[in-house]
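Novice: What follows is the file work.cif, containing mmCIF, C-alpha atoms:
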```cif
data_structure
#
loop_
_atom_site.label_atom_id
_atom_site.label_comp_id
_atom_site.auth_asym_id
_atom_site.auth_seq_id
_atom_site.Cartn_x
_atom_site.Cartn_y
_atom_site.Cartn_z
CA MET A 1 -56.07 51.88 184.71
CA LYS A 2 -56.27 55.16 182.85
CA LEU A 3 -55.50 53.33 179.65
CA SER A 4 -58.19 50.74 180.27
CA LEU A 5 -60.71 53.49 180.95
CA LEU A 6 -59.63 55.35 177.83
CA PHE A 7 -59.95 52.22 175.73
CA LEU A 8 -63.36 51.45 177.19
CA ALA A 9 -64.50 55.02 176.46
CA VAL A 10 -63.17 54.68 172.92
CA GLY A 11 -64.98 51.38 172.64
CA PHE A 12 -68.32 52.90 173.62
CA LEU A 13 -67.65 55.81 171.28
CA LEU A 14 -67.13 53.32 168.47
CA VAL A 15 -70.35 51.53 169.43
CA LEU A 16 -72.07 54.90 169.26
CA PHE A 17 -70.54 55.58 165.84
CA GLN A 18 -71.50 52.17 164.55
CA THR A 19 -75.08 52.58 165.64
CA THR A 20 -75.47 56.11 164.27
CA ILE A 21 -73.05 57.94 162.03
CA LEU A 22 -71.56 55.01 160.13
CA HIS A 23 -75.03 54.06 158.91
CA LEU A 24 -75.21 57.41 157.16
CA LEU A 25 -72.16 56.65 155.06
CA PRO A 26 -72.95 55.77 151.45
CA LEU A 27 -71.72 52.20 151.82
CA GLY A 28 -75.01 50.44 151.32
CA PRO A 29 -75.69 47.77 153.95
CA ILE A 30 -72.03 47.59 154.98
CA VAL A 31 -71.14 49.18 158.31
CA PRO A 32 -67.38 49.23 159.00
CA ASP A 33 -66.77 47.16 162.11
CA LEU A 34 -64.65 49.56 164.18
CA ILE A 35 -65.17 47.52 167.35
CA LEU A 36 -63.54 44.57 165.66
CA VAL A 37 -60.59 46.80 164.76
CA LEU A 38 -60.34 47.86 168.40
CA CYS A 39 -60.42 44.25 169.60
CA VAL A 40 -57.69 43.35 167.11
CA TYR A 41 -55.65 46.30 168.32
CA TRP A 42 -56.07 45.13 171.91
CA GLY A 43 -55.05 41.62 170.95
CA LEU A 44 -51.93 42.86 169.22
CA ASN A 45 -50.86 45.82 171.34
CA TYR A 46 -52.61 45.64 174.68
CA PRO A 47 -53.05 42.03 175.69
CA SER A 48 -54.45 42.26 179.19
CA VAL A 49 -57.36 41.05 181.26
CA GLY A 50 -58.88 44.51 180.85
CA ALA A 51 -58.73 44.10 177.08
CA VAL A 52 -60.37 40.68 177.35
CA LEU A 53 -63.19 42.14 179.40
CA GLY A 54 -63.37 45.10 177.05
CA SER A 55 -63.81 42.84 174.03
CA PHE A 56 -66.51 40.92 175.80
CA ILE A 57 -68.33 44.04 176.97
CA LEU A 58 -68.20 45.70 173.57
CA GLY A 59 -69.43 42.53 171.90
CA TYR A 60 -72.21 42.39 174.47
CA SER A 61 -73.03 46.05 173.75
CA VAL A 62 -73.36 45.27 170.08
CA ASP A 63 -75.68 42.42 171.04
CA VAL A 64 -77.79 44.80 173.09
CA PHE A 65 -78.12 47.18 170.17
CA SER A 66 -78.42 44.89 167.21
CA SER A 67 -78.12 41.19 167.74
CA PRO A 68 -81.12 38.86 167.50
CA LEU A 69 -79.65 36.79 170.27
CA LEU A 70 -77.80 38.06 173.32
CA GLY A 71 -74.21 36.79 173.46
CA LEU A 72 -73.63 36.31 169.73
CA ASN A 73 -71.26 39.23 169.29
CA ALA A 74 -69.84 38.82 172.79
CA PHE A 75 -68.85 35.31 171.77
CA ALA A 76 -67.49 36.44 168.39
CA MET A 77 -65.46 39.33 169.82
CA SER A 78 -64.06 37.20 172.61
CA LEU A 79 -63.07 34.59 170.07
CA VAL A 80 -61.50 37.20 167.81
CA PHE A 81 -59.50 38.61 170.71
CA LEU A 82 -58.36 35.13 171.65
CA ALA A 83 -57.33 34.31 168.08
CA VAL A 84 -55.44 37.57 167.65
CA TYR A 85 -53.82 37.23 171.02
CA LEU A 86 -52.62 33.73 170.22
CA SER A 87 -51.35 34.94 166.87
CA SER A 88 -49.54 37.87 168.45
CA ARG A 89 -47.58 35.45 170.60
CA CYS A 90 -46.13 33.95 167.43
CA ILE A 91 -45.81 36.98 165.15
CA TRP A 92 -44.82 40.55 165.89
CA ILE A 93 -46.96 42.99 163.93
CA ARG A 94 -46.36 46.74 163.95
CA ASP A 95 -46.75 47.59 160.29
CA SER A 96 -50.01 49.35 159.29
CA LEU A 97 -50.51 47.24 156.18
CA LEU A 98 -49.98 44.01 158.12
CA SER A 99 -52.36 45.17 160.81
CA ALA A 100 -54.96 45.78 158.09
CA ALA A 101 -54.35 42.22 156.89
CA VAL A 102 -54.86 40.92 160.45
CA VAL A 103 -58.11 42.89 160.70
CA PHE A 104 -59.18 41.43 157.37
CA ALA A 105 -58.48 37.92 158.68
CA ALA A 106 -60.14 38.70 162.01
CA SER A 107 -63.28 39.74 160.14
CA TRP A 108 -63.47 36.27 158.67
CA VAL A 109 -62.91 34.73 162.11
CA LYS A 110 -65.73 36.83 163.53
CA ALA A 111 -68.01 36.02 160.59
CA LEU A 112 -67.36 32.32 160.96
CA ALA A 113 -67.93 32.52 164.71
CA LEU A 114 -71.25 34.31 164.14
CA LEU A 115 -72.22 31.80 161.49
CA MET A 116 -71.38 28.83 163.68
CA ALA A 117 -73.15 30.25 166.72
CA SER A 118 -76.17 31.23 164.65
CA SER A 119 -76.31 27.82 163.04
CA PHE A 120 -76.17 26.18 166.42
CA PHE A 121 -78.48 28.40 168.45
CA LEU A 122 -80.76 29.86 165.78
CA THR A 123 -82.39 28.61 162.61
CA PRO A 124 -80.51 30.72 160.09
CA ASP A 125 -82.75 30.49 157.04
CA GLY A 126 -80.88 31.95 154.13
CA LEU A 127 -77.91 33.03 156.21
CA TRP A 128 -75.54 31.43 153.72
CA ARG A 129 -77.04 33.41 150.87
CA GLY A 130 -74.66 36.25 150.08
CA PHE A 131 -72.56 35.33 153.11
CA LEU A 132 -69.24 35.40 151.30
CA GLN A 133 -69.97 38.68 149.55
CA TYR A 134 -71.06 40.40 152.74
CA VAL A 135 -68.15 39.10 154.77
CA LEU A 136 -65.72 40.12 152.07
CA LEU A 137 -67.11 43.67 151.90
CA ASP A 138 -67.28 43.90 155.68
CA ALA A 139 -63.71 42.69 156.02
CA LEU A 140 -62.49 45.07 153.34
CA ALA A 141 -64.21 48.04 154.98
CA ALA A 142 -62.75 47.20 158.39
CA ALA A 143 -59.30 46.58 156.93
CA ALA A 144 -59.42 49.87 155.07
CA LEU A 145 -60.11 51.77 158.27
CA ALA A 146 -57.70 49.76 160.40
CA PRO A 147 -54.46 51.68 159.70
CA ILE A 148 -55.86 55.07 160.68
CA LEU A 149 -57.64 53.69 163.75
CA PHE A 150 -54.50 51.83 164.78
CA PHE A 151 -52.52 55.04 164.37
CA LEU A 152 -54.92 57.00 166.57
CA LEU A 153 -55.10 54.28 169.22
CA ARG A 154 -51.32 53.95 169.29
CA ARG A 155 -50.96 57.70 169.73
CA GLY A 156 -53.49 57.67 172.56
CA GLN A 157 -51.83 54.68 174.24
CA ARG A 158 -48.40 56.29 173.99
CA TYR A 159 -49.74 59.53 175.40
CA ILE A 160 -51.32 57.84 178.43
CA GLU A 161 -48.30 55.62 179.03
CA THR A 162 -46.00 58.65 178.91
CA ALA A 163 -48.26 60.53 181.33
CA GLU A 164 -48.40 57.55 183.72
CA MET A 165 -44.65 57.02 183.63
CA PRO A 166 -43.06 58.09 186.95
CA SER A 167 -40.70 61.02 186.50
CA MET B 1 -50.28 27.38 190.50
CA LEU B 2 -50.62 31.10 191.14
CA ALA B 3 -47.66 31.79 188.87
CA PHE B 4 -49.28 29.72 186.13
CA LEU B 5 -52.51 31.63 186.49
CA ARG B 6 -50.69 34.95 186.46
CA ARG B 7 -48.61 33.97 183.43
CA ASN B 8 -51.66 32.84 181.46
CA GLN B 9 -54.20 35.24 182.84
CA VAL B 10 -55.06 36.73 179.46
CA LEU B 11 -55.46 33.38 177.82
CA LEU B 12 -57.50 32.00 180.68
CA SER B 13 -59.71 35.08 180.95
CA SER B 14 -60.26 34.98 177.19
CA CYS B 15 -61.33 31.38 177.36
CA LEU B 16 -63.53 32.23 180.31
CA CYS B 17 -65.20 35.04 178.33
CA VAL B 18 -65.74 32.72 175.39
CA PHE B 19 -67.41 30.21 177.63
CA LEU B 20 -69.37 32.91 179.41
CA SER B 21 -70.67 34.29 176.15
CA LEU B 22 -71.52 30.78 174.98
CA SER B 23 -73.47 30.18 178.16
CA ILE B 24 -75.28 33.50 177.72
CA LEU B 25 -76.02 32.50 174.15
CA ALA B 26 -77.33 29.13 175.20
CA ALA B 27 -79.46 30.63 177.94
CA ALA B 28 -80.81 33.29 175.61
CA ALA B 29 -81.54 30.73 172.91
CA ARG B 30 -83.47 28.53 175.34
CA GLY B 31 -85.29 31.54 176.73
CA ARG B 32 -83.85 31.07 180.17
CA LEU B 33 -82.26 34.50 180.26
CA ARG B 34 -85.08 36.13 182.14
CA ALA B 35 -83.52 39.44 182.98
CA ASP B 36 -80.71 41.28 181.30
CA PRO B 37 -79.58 43.95 183.75
CA VAL B 38 -76.85 45.39 181.51
CA GLY B 39 -78.78 45.86 178.29
CA PRO B 40 -81.43 48.35 179.52
CA LEU B 41 -78.77 50.30 181.41
CA LEU B 42 -76.60 50.50 178.35
CA LEU B 43 -79.52 51.54 176.18
CA THR B 44 -80.50 54.24 178.66
CA PHE B 45 -76.96 55.52 178.89
CA MET B 46 -76.43 55.54 175.16
CA ARG B 47 -79.80 56.97 174.15
CA PRO B 48 -78.98 60.70 174.45
CA LEU B 49 -75.59 60.12 172.90
CA GLN B 50 -77.18 58.27 170.03
CA ILE B 51 -79.71 61.04 169.52
CA GLY B 52 -76.93 63.64 169.45
CA ALA B 53 -74.65 61.62 167.21
CA HIS B 54 -77.48 60.81 164.84
CA ALA B 55 -78.44 64.48 164.63
CA VAL B 56 -74.83 65.44 163.94
CA GLY B 57 -74.57 62.70 161.34
CA LEU B 58 -77.74 63.87 159.61
CA TRP B 59 -76.48 67.44 159.68
CA VAL B 60 -73.17 66.41 158.16
CA ARG B 61 -74.96 64.37 155.52
CA GLU B 62 -77.21 67.30 154.66
CA ILE B 63 -74.16 69.50 154.30
CA ALA B 64 -72.50 66.88 152.10
CA ASP B 65 -75.66 66.51 150.02
CA LEU B 66 -75.91 70.26 149.69
CA SER B 67 -72.32 70.60 148.57
CA ALA B 68 -72.84 67.73 146.12
CA ARG B 69 -75.97 69.43 144.79
CA LEU B 70 -74.07 72.70 144.49
CA GLY B 71 -71.35 70.88 142.60
CA GLY B 72 -73.99 69.44 140.31
CA LEU B 73 -75.58 72.85 139.84
CA ALA B 74 -72.22 74.37 139.00
CA SER B 75 -71.63 71.66 136.43
CA GLU B 76 -75.14 72.12 135.01
CA ASN B 77 -74.63 75.86 134.94
CA ARG B 78 -71.38 75.42 133.02
CA GLN B 79 -73.07 73.09 130.54
CA LEU B 80 -75.95 75.53 130.07
CA ARG B 81 -73.54 78.40 129.53
CA GLU B 82 -71.74 76.39 126.87
CA ARG B 83 -75.09 75.57 125.31
CA ILE B 84 -76.04 79.26 125.32
CA GLN B 85 -72.78 80.10 123.60
CA GLU B 86 -73.40 77.41 121.00
CA LEU B 87 -76.95 78.65 120.42
CA ALA B 88 -75.78 82.26 120.22
CA ALA B 89 -73.21 81.27 117.60
CA GLU B 90 -75.88 79.30 115.74
CA ARG B 91 -78.26 82.25 115.94
CA ASN B 92 -75.59 84.59 114.61
CA ARG B 93 -74.92 82.23 111.76
CA LEU B 94 -78.62 81.99 110.93
CA LEU B 95 -79.03 85.76 111.12
CA GLU B 96 -76.08 86.11 108.80
CA VAL B 97 -77.59 83.59 106.41
CA GLU B 98 -80.90 85.42 106.57
CA ALA B 99 -79.24 88.77 105.93
CA THR B 100 -77.31 87.35 103.00
CA ASN B 101 -80.49 85.81 101.67
CA GLN B 102 -82.24 89.15 101.95
CA ARG B 103 -79.42 90.97 100.16
CA LEU B 104 -79.33 88.41 97.38
CA ARG B 105 -83.11 88.65 96.96
CA GLU B 106 -82.84 92.41 96.60
CA LEU B 107 -79.96 91.99 94.21
CA LEU B 108 -81.96 89.51 92.18
CA ALA B 109 -84.94 91.84 92.07
CA PHE B 110 -82.69 94.69 91.08
CA ARG B 111 -80.98 92.59 88.44
CA SER B 112 -84.30 91.85 86.79
CA GLN B 113 -84.49 95.55 85.97
CA LEU B 114 -81.04 95.52 84.39
CA PRO B 115 -79.90 93.88 81.12
CA SER B 116 -79.41 90.16 81.25
CA ALA B 117 -75.68 90.59 80.64
CA SER B 118 -75.29 91.96 84.13
CA LEU B 119 -73.11 89.87 86.40
CA THR B 120 -73.42 89.24 90.08
CA ALA B 121 -70.17 89.44 92.01
CA SER B 122 -69.07 89.39 95.61
CA VAL B 123 -66.70 91.84 97.19
CA ILE B 124 -63.59 90.01 98.33
CA GLY B 125 -61.29 92.90 99.21
CA SER B 126 -60.88 96.61 99.73
CA SER B 127 -58.20 99.08 98.81
CA ALA B 128 -54.90 98.85 100.61
CA SER B 129 -54.23 102.59 100.40
CA THR B 130 -55.65 105.65 102.11
CA TRP B 131 -55.43 107.65 98.91
CA PHE B 132 -57.38 105.39 96.66
CA ARG B 133 -60.81 103.90 97.26
CA SER B 134 -61.42 100.66 95.48
CA LEU B 135 -62.92 97.22 95.88
CA THR B 136 -61.92 93.83 94.57
CA LEU B 137 -64.56 91.54 93.10
CA ASP B 138 -64.44 87.75 92.87
CA LYS B 139 -65.33 87.77 89.17
CA GLY B 140 -62.95 88.54 86.32
CA SER B 141 -62.62 88.40 82.58
CA ALA B 142 -63.21 84.64 82.63
CA ASP B 143 -66.67 85.40 84.01
CA GLY B 144 -67.39 88.15 81.51
CA VAL B 145 -66.28 91.20 83.48
CA VAL B 146 -64.65 93.83 81.29
CA LYS B 147 -62.93 97.07 82.08
CA GLY B 148 -65.29 100.04 82.18
CA MET B 149 -68.31 98.13 83.49
CA ALA B 150 -70.55 100.03 85.84
CA VAL B 151 -70.80 98.51 89.29
CA VAL B 152 -74.08 99.02 91.05
CA SER B 153 -76.05 97.66 93.96
CA PRO B 154 -79.75 97.75 94.81
CA THR B 155 -79.14 100.84 96.93
CA GLY B 156 -77.26 102.78 94.29
CA VAL B 157 -74.14 103.30 92.25
CA VAL B 158 -70.93 101.78 93.60
CA GLY B 159 -68.23 102.58 91.04
CA GLN B 160 -66.60 101.41 87.88
CA VAL B 161 -64.38 98.48 86.91
CA VAL B 162 -60.91 99.86 86.24
CA SER B 163 -58.83 96.70 85.89
CA VAL B 164 -59.61 93.07 85.28
CA THR B 165 -57.77 89.80 85.71
CA SER B 166 -59.09 86.44 84.70
CA ARG B 167 -60.62 85.74 88.12
CA SER B 168 -60.98 89.16 89.77
CA ALA B 169 -61.72 92.76 89.01
CA ARG B 170 -60.88 96.03 90.72
CA VAL B 171 -63.60 98.66 91.11
CA LEU B 172 -62.87 102.33 91.54
CA LEU B 173 -65.40 103.59 94.05
CA LEU B 174 -67.37 106.81 93.71
CA THR B 175 -65.65 108.01 96.88
CA ASP B 176 -62.28 108.01 95.11
CA PRO B 177 -61.14 111.45 93.94
CA HIS B 178 -60.36 110.01 90.52
CA SER B 179 -63.86 108.77 89.89
CA GLY B 180 -66.80 110.58 88.39
CA VAL B 181 -70.35 109.92 87.34
CA ASP B 182 -72.66 112.16 85.38
CA VAL B 183 -75.75 112.91 87.46
CA ILE B 184 -78.88 114.99 87.44
CA VAL B 185 -80.87 116.36 90.32
CA GLN B 186 -84.06 114.34 90.27
CA ARG B 187 -86.25 117.26 91.28
CA SER B 188 -84.85 120.12 89.16
CA ARG B 189 -82.93 118.13 86.52
CA ALA B 190 -79.82 120.21 87.17
CA ARG B 191 -76.72 118.42 85.91
CA GLY B 192 -73.28 117.84 87.35
CA ILE B 193 -70.64 115.24 88.08
CA VAL B 194 -70.39 113.45 91.38
CA ALA B 195 -66.82 112.62 92.34
CA GLY B 196 -64.96 111.76 95.49
CA SER B 197 -62.59 114.10 97.28
CA LEU B 198 -60.14 113.58 100.07
CA ASP B 199 -61.10 116.66 102.07
CA ASN B 200 -64.86 117.22 101.81
CA GLY B 201 -66.06 113.77 100.86
CA PRO B 202 -68.09 113.22 97.68
CA VAL B 203 -69.14 116.42 95.91
CA MET B 204 -71.23 117.34 92.92
CA LYS B 205 -69.00 119.32 90.61
CA TYR B 206 -69.71 121.77 87.89
CA VAL B 207 -73.15 122.88 89.05
CA LYS B 208 -73.86 126.35 87.79
CA ARG B 209 -74.67 129.00 90.35
CA SER B 210 -78.00 129.52 88.68
CA GLU B 211 -79.06 125.89 89.01
CA ASP B 212 -81.76 124.97 91.53
CA VAL B 213 -80.19 122.59 94.06
CA GLU B 214 -81.42 122.12 97.59
CA ILE B 215 -80.35 120.06 100.53
CA GLY B 216 -82.08 116.69 100.41
CA ASP B 217 -82.31 116.56 96.62
CA ARG B 218 -81.79 113.10 95.20
CA LEU B 219 -79.09 112.67 92.59
CA ILE B 220 -79.52 110.03 89.90
CA THR B 221 -77.36 108.93 87.03
CA SER B 222 -78.01 110.78 83.81
CA GLY B 223 -76.97 107.89 81.55
CA VAL B 224 -75.18 110.22 79.15
CA ASP B 225 -71.72 108.95 80.10
CA GLY B 226 -72.50 105.60 78.49
CA VAL B 227 -71.28 103.76 81.56
CA PHE B 228 -74.05 103.90 84.14
CA PRO B 229 -77.66 103.19 83.22
CA LYS B 230 -79.91 106.18 83.62
CA GLY B 231 -81.94 106.60 86.76
CA LEU B 232 -79.76 104.87 89.33
CA LEU B 233 -79.59 106.60 92.68
CA VAL B 234 -76.21 108.09 93.41
CA GLY B 235 -76.87 110.01 96.60
CA THR B 236 -78.54 112.98 98.23
CA VAL B 237 -77.45 116.58 98.56
CA THR B 238 -76.23 117.39 102.06
CA LYS B 239 -74.70 120.81 101.60
CA VAL B 240 -75.19 123.70 99.16
CA ARG B 241 -72.95 126.73 99.24
CA LYS B 242 -73.00 129.59 96.76
CA LYS B 243 -70.15 132.05 96.94
CA SER B 244 -70.52 135.61 95.73
CA PHE B 245 -68.09 134.91 92.96
CA GLY B 246 -67.29 132.09 90.54
CA LEU B 247 -69.26 130.08 88.00
CA PHE B 248 -70.24 127.08 90.11
CA GLN B 249 -71.77 126.43 93.45
CA PHE B 250 -70.48 123.90 96.00
CA VAL B 251 -72.71 120.89 96.49
CA GLY B 252 -71.86 118.24 99.08
CA VAL B 253 -73.22 114.75 98.53
CA ASP B 254 -74.01 111.83 100.76
CA LEU B 255 -73.62 108.74 98.62
CA ALA B 256 -76.41 106.19 98.65
CA VAL B 257 -73.97 103.31 98.93
CA ASP B 258 -71.64 102.91 101.88
CA PRO B 259 -68.68 101.12 100.30
CA SER B 260 -67.54 99.70 103.61
CA ARG B 261 -70.80 97.78 104.02
CA ILE B 262 -71.26 96.45 100.54
CA GLU B 263 -70.88 92.69 99.99
CA GLU B 264 -72.56 91.83 96.69
CA VAL B 265 -72.74 93.98 93.57
CA LEU B 266 -73.85 93.86 89.97
CA ALA B 267 -71.48 94.61 87.12
CA VAL B 268 -73.41 96.19 84.26
CA PRO B 269 -72.05 96.31 80.68
CA PRO B 270 -71.36 99.88 79.41
CA GLU B 271 -73.91 99.66 76.64
CA ALA B 272 -76.64 98.57 79.04
CA ALA B 273 -80.00 100.11 78.57
CA PRO B 274 -81.34 102.29 81.39
CA PRO B 275 -83.92 100.83 83.77
CA LYS B 276 -87.51 101.42 82.98
CA ASP B 277 -88.41 103.25 86.19
CA GLU B 278 -86.45 106.44 86.56
CA ASN B 279 -87.74 107.13 90.03
CA ARG B 280 -86.61 103.82 91.45
CA PRO B 281 -84.23 104.39 94.38
#
```
What is this structure when it is put down as structure tokens?

Specialist:
Amino acid sequence: MKLSLLFLAVGFLLVLFQTTILHLLPLGPIVPDLILVLCVYWGLNYPSVGAVLGSFILGYSVDVFSSPLLGLNAFAMSLVFLAVYLSSRCIWIRDSLLSAAVVFAASWVKALALLMASSFFLTPDGLWRGFLQYVLLDALAAAALAPILFFLLRRGQRYIETAEMPS
Amino acid sequence: MLAFLRRNQVLLSSCLCVFLSLSILAAAARGRLRADPVGPLLLTFMRPLQIGAHAVGLWVREIADLSARLGGLASENRQLRERIQELAAERNRLLEVEATNQRLRELLAFRSQLPSASLTASVIGSSASTWFRSLTLDKGSADGVVKGMAVVSPTGVVGQVVSVTSRSARVLLLTDPHSGVDVIVQRSRARGIVAGSLDNGPVMKYVKRSEDVEIGDRLITSGVDGVFPKGLLVGTVTKVRKKSFGLFQFVGVDLAVDPSRIEEVLAVPPEAAPPKDENRP
């Protein structure tokens, strides 16, 4: 329970970062998707109903703050979690570099999910223009930050688990 | 059934969330999502946090910008300092060129008053001994310099050529104790010989006690030694001392030419005619 609350607090903190501080970084239009990294972490290291709900809620939060249509990011994050979770049942990933690769792949899954949903529910004029370039940069930025965020989340998870462990 | 649900709870809940989000999407797209109870709550909750985080972010960015600007200023400052050093070196070089130009102009003007056989030479060395005062010139016998030539500058007498090689010549300075030049006091026409000395500096020797010599008197070459043209400034009297005995009085001289500062000179043939203006300094 403590861990779920911690992760949810971290998730909202990341939403806060993504809507404020990360925009101030000199990365042009690219904002590193830390929430995606968190969802991938949950899918790999904390597969639980709480993580599923967390992914959905964080995606929904992003929708509230930035999406043109409510549910777009909730759908994409839920799909990303599902994809990573299914992958984690087949492959065991602990290495930082591999986790960055999974985040990179997850970025593409999310982008495709957004594109599909937008194509279906919206009229995405010009959405394809520069799509590949933006997704690539977005994925690279998220993958670059993944190892350090994974490290911090793993430390936090270990700390809470150790504290919750009965003596 | 319950065991199946428990075993696949993550997968099932994920699928449920996907479908839930799709239904929200569909409802939102069709405009059927009348009220969103979570969104306004979330926005209200996050607003102060966003304001704070944004302010902190701006502050951090300002600090980063400031440090970047400071870095740029430091770099610019370094470049400007280098530029100042370059310009100072350039200025020094130009001043040196100007000074040389001025000296050569004076030398040229002075040379026009001397016989055409006079040679211009540059000083390329000084004496290597404390006991002897000499200079080395960059002109030698191949250029027409001969032993015994008078060496003068626009400011006065320098010395005499004492040895010559094909490409250089050595000049015995007036400050050397072995040198000597016949002079007269410009004001009173009293005669004597100016020579160097190791203890008292240059002195005017053999001046009778009865001769009229005063401090500040200008000494010029007499021309009778056949080496130095008549009328060239040798120096000024700085000290006069008459003892109660002896034939001569002591006359200290401050030479017109400072040998340590001389760079270009004229070598004048021994048989040169004296300059027209005797009073020329």

Novice: Run the PyMOL selection byres ((chain B and resi 195) around 10) mentally over the shown coordinates, then write out the matched residues as a PDB file with C-alpha atoms, keeping the file's coordinate frame, using the chain letters and numbers from the document.

Specialist:
```
ATOM      1  CA  LEU B 173     -65.400 103.590  94.050  1.00  0.00           C
ATOM      2  CA  LEU B 174     -67.370 106.810  93.710  1.00  0.00           C
ATOM      3  CA  THR B 175     -65.650 108.010  96.880  1.00  0.00           C
ATOM      4  CA  ASP B 176     -62.280 108.010  95.110  1.00  0.00           C
ATOM      5  CA  PRO B 177     -61.140 111.450  93.940  1.00  0.00           C
ATOM      6  CA  HIS B 178     -60.360 110.010  90.520  1.00  0.00           C
ATOM      7  CA  SER B 179     -63.860 108.770  89.890  1.00  0.00           C
ATOM      8  CA  GLY B 180     -66.800 110.580  88.390  1.00  0.00           C
ATOM      9  CA  VAL B 181     -70.350 109.920  87.340  1.00  0.00           C
ATOM     10  CA  ASP B 182     -72.660 112.160  85.380  1.00  0.00           C
ATOM     11  CA  GLY B 192     -73.280 117.840  87.350  1.00  0.00           C
ATOM     12  CA  ILE B 193     -70.640 115.240  88.080  1.00  0.00           C
ATOM     13  CA  VAL B 194     -70.390 113.450  91.380  1.00  0.00           C
ATOM     14  CA  GLY B 196     -64.960 111.760  95.490  1.00  0.00           C
ATOM     15  CA  SER B 197     -62.590 114.100  97.280  1.00  0.00           C
ATOM     16  CA  GLY B 201     -66.060 113.770 100.860  1.00  0.00           C
ATOM     17  CA  PRO B 202     -68.090 113.220  97.680  1.00  0.00           C
ATOM     18  CA  VAL B 203     -69.140 116.420  95.910  1.00  0.00           C
ATOM     19  CA  MET B 204     -71.230 117.340  92.920  1.00  0.00           C
ATOM     20  CA  LYS B 205     -69.000 119.320  90.610  1.00  0.00           C
ATOM     21  CA  VAL B 253     -73.220 114.750  98.530  1.00  0.00           C
TER      22      VAL B 253
END
```

Novice: What does the distance between atom CA of B:Gly148 and atom CA of B:Asp225 come to in Å, to one decimal place?

Specialist: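 Value for the atom CA of B:Gly148-atom CA of B:Asp225 distance: 11.2 Å.
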
Novice: In Å, how far is it from atom CA of A:Leu149 to atom CA of B:Arg47?

Specialist: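 One can read the atom CA of A:Leu149 to atom CA of B:Arg47 distance as 24.7 Å.
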
Novice: Which residues of chain B are close to chain A, meaning at most 7 Å apart when you count all atoms listed in the file, and how do they look as a ChimeraX atom specification?

Specialist: /B:9-10,13-14,17-18,21-22,24-26,28-29,39,50,53-54,57

Novice: For the provided coordinates, the residues matched by the PyMOL selection byres ((chain B and resi 226-234) around 6) should be stated as a PDB file with C-alpha atoms, keeping the file's coordinate frame.

Specialist:
```pdb
ATOM      1  CA  ALA B 150     -70.550 100.030  85.840  1.00  0.00           C
ATOM      2  CA  GLY B 156     -77.260 102.780  94.290  1.00  0.00           C
ATOM      3  CA  VAL B 157     -74.140 103.300  92.250  1.00  0.00           C
ATOM      4  CA  LEU B 219     -79.090 112.670  92.590  1.00  0.00           C
ATOM      5  CA  ILE B 220     -79.520 110.030  89.900  1.00  0.00           C
ATOM      6  CA  THR B 221     -77.360 108.930  87.030  1.00  0.00           C
ATOM      7  CA  SER B 222     -78.010 110.780  83.810  1.00  0.00           C
ATOM      8  CA  GLY B 223     -76.970 107.890  81.550  1.00  0.00           C
ATOM      9  CA  VAL B 224     -75.180 110.220  79.150  1.00  0.00           C
ATOM     10  CA  ASP B 225     -71.720 108.950  80.100  1.00  0.00           C
ATOM     11  CA  GLY B 235     -76.870 110.010  96.600  1.00  0.00           C
ATOM     12  CA  LEU B 255     -73.620 108.740  98.620  1.00  0.00           C
ATOM     13  CA  ALA B 256     -76.410 106.190  98.650  1.00  0.00           C
ATOM     14  CA  PRO B 270     -71.360  99.880  79.410  1.00  0.00           C
ATOM     15  CA  PRO B 274     -81.340 102.290  81.390  1.00  0.00           C
ATOM     16  CA  GLU B 278     -86.450 106.440  86.560  1.00  0.00           C
ATOM     17  CA  PRO B 281     -84.230 104.390  94.380  1.00  0.00           C
TER      18      PRO B 281
END
```
